[in-house]
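A.B. asks: Before I ask anything, let me first share the structure, which is written out below as structure tokens.
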Amino acid sequence: MNEPDDPRSDVTSPEAHGDAEHSHRAGAPRAARNRRRMPLWLDMVVTMAVALVIAVLVKTFLIQPFYIPSESMSPTLETNDKILVSKLTPGVFDLQRGDVVVFADPGNWVEGDATEDPTPRVRLMMLLSLVGLAPDPSQDHLVKRLIGLPGDHVVCESADSQLEVNGVALDEPYINPATTACQGAFDVTVPEGKVWVMGDNRHASADSAWHEIQGEDGFVPLDDVTGTAEVVFWPASRWTGLNDGHDAFSDVPDQP
């Protein structure tokens, strides 16, 4: 008759179990002490490195701060306002007429650069802007309101007339009430891959209309659009959202 299997291969004696528990308890504090021996400076370096990586990823793919250097978007945006720009549009989300967009200078629209001979304050902002902790102090980005999408027909019959998009005259509550909607007459159809942008302070904005009137290219390539401005976050007294411009285009058809 076969002998039964040795039960010692399946169970542990109480004595052995007790020894194991004693060994575990004795070893646990030692392991904890070993973990606590990481130098404080190294722990801080690791924490800061992780924080910087997260900040860079957020700036690259999600949001980026910018500041407003001029009055071209007044009263919506005033000089020295700080805004947060969503980089999910265009891309994850489609651009819409009425968006406030930030875009790279498409053709020397802005002269000069604050970073060419930077002050100590600008140098600090340049450093912090690399990781998304401060607005970009350079002047190579502009902010305007998106008026025309690819294929749109945008018209101003005269400096005193309303702006029209695809045959619909716009009621634009966001523009400077002290000025008219147009600096001069123009009649354009937005090419594929381009957009038409205008400042809310129409007579103080070197925008698409101004460049068109000067005989220059006023269209902005879609590839130059960095994102849409979503909120004014500083100063705190001007904290507000920037998505209230779409209603002006609610009656505009998709095709002219």
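Residue numbering restarts at 1 in every chain; chains get A, B, ... in the order shown in the structure tokens, and ligands count up from 1 in that same order.
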Based on DSSP run over this structure's backbone, return all residues of segment 69-182 of chain A in strand (DSSP E or B), as a PyMOL selection string.
C.D. replies: chain A and resi 82-86+100-104+136+141-148+153-156+164-165+168-169
A.B. asks: Which residues are near Glu230 of chain A? Cut-off 9 Å, only C-alpha atoms, ignore same chain within fewer than 5 positions. Put them as a compact mmCIF listing (two decimals) with C-alpha atoms, in the first residue's frame.
C.D. replies:
```txt
# COMPACT_ATOMS: atom_id res chain seq x y z
CA ILE A 83 -4.89 84.36 -20.77
CA LEU A 84 -4.96 80.57 -20.86
CA VAL A 85 -4.98 79.03 -24.33
CA SER A 86 -6.31 75.55 -25.06
CA ASP A 99 -13.27 81.94 -31.26
CA VAL A 100 -10.51 84.09 -29.82
CA THR A 240 -13.66 85.79 -17.16
CA GLY A 241 -14.35 83.24 -19.88
CA LEU A 242 -13.82 84.04 -23.57
CA ASN A 243 -16.39 81.83 -25.28
```
A.B. asks: Do you have the atom CA of Ile175 of chain A-atom CA of Met73 of chain A distance handy?
C.D. replies: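 Atom CA of Met73 of chain A lies at a distance of 8.0 Å from atom CA of Ile175 of chain A.
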A.B. asks: Which distance in Å separates atom CA of Thr189 of chain A and atom CA of Asp207 of chain A, to one decimal?
C.D. replies: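 Atom-to-atom, atom CA of Thr189 of chain A and atom CA of Asp207 of chain A are spaced 15.8 Å apart.
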A.B. asks: Quick one, how far is atom CA of Lys194 of chain A from atom CA of Asp223 of chain A?
C.D. replies: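 For atom CA of Lys194 of chain A relative to atom CA of Asp223 of chain A, the distance reads 8.4 Å.
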A.B. asks: Using only C-alpha atoms, which residue out of A:Trp41, A:Tyr174, A:Phe103, A:Trp109 lies closest to Pro75 of chain A?
C.D. replies: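 Closest to Pro75 of chain A of all the choices is A:Tyr174.
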A.B. asks: Point out the residue among A:Ser161, A:Gln96, A:Asn108, A:Asn176 with the least atom-to-atom distance to Ile147 of chain A, counting only C-alpha atoms.
C.D. replies: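 Comparing A:Ser161, A:Gln96, A:Asn108, A:Asn176 against Ile147 of chain A, the winner is A:Gln96.
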A.B. asks: Could you tell me which of A:Leu88, A:Met125, A:Val195, A:Leu42 comes closest to Pro221 of chain A if we count only C-alpha atoms?
C.D. replies: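 Checking each candidate against Pro221 of chain A, we get A:Val195 as the closest.
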A.B. asks: Please report, as JSON lines, each residue of segment 195-219 of chain A lying at most 10 Å from segment 181-186 of chain A, together with the nearest pair of atoms and the separation in Å rounded to one decimal; use only C-alpha atoms, and order rows by chain and ascending residue number.
C.D. replies:
```
{"residue": "A:Met198", "atom": "CA", "partner": "A:Cys182", "partner_atom": "CA", "distance": 9.4}
{"residue": "A:Gly199", "atom": "CA", "partner": "A:Ala181", "partner_atom": "CA", "distance": 9.8}
{"residue": "A:Asp200", "atom": "CA", "partner": "A:Ala181", "partner_atom": "CA", "distance": 8.5}
{"residue": "A:Asn201", "atom": "CA", "partner": "A:Ala181", "partner_atom": "CA", "distance": 8.7}
{"residue": "A:Arg202", "atom": "CA", "partner": "A:Cys182", "partner_atom": "CA", "distance": 6.3}
{"residue": "A:His203", "atom": "CA", "partner": "A:Gln183", "partner_atom": "CA", "distance": 5.7}
{"residue": "A:Ala204", "atom": "CA", "partner": "A:Gln183", "partner_atom": "CA", "distance": 9.0}
{"residue": "A:Ser205", "atom": "CA", "partner": "A:Gln183", "partner_atom": "CA", "distance": 9.2}
{"residue": "A:Ala209", "atom": "CA", "partner": "A:Phe186", "partner_atom": "CA", "distance": 7.2}
{"residue": "A:Trp210", "atom": "CA", "partner": "A:Gln183", "partner_atom": "CA", "distance": 7.1}
{"residue": "A:Glu212", "atom": "CA", "partner": "A:Phe186", "partner_atom": "CA", "distance": 7.3}
{"residue": "A:Ile213", "atom": "CA", "partner": "A:Phe186", "partner_atom": "CA", "distance": 6.8}
```
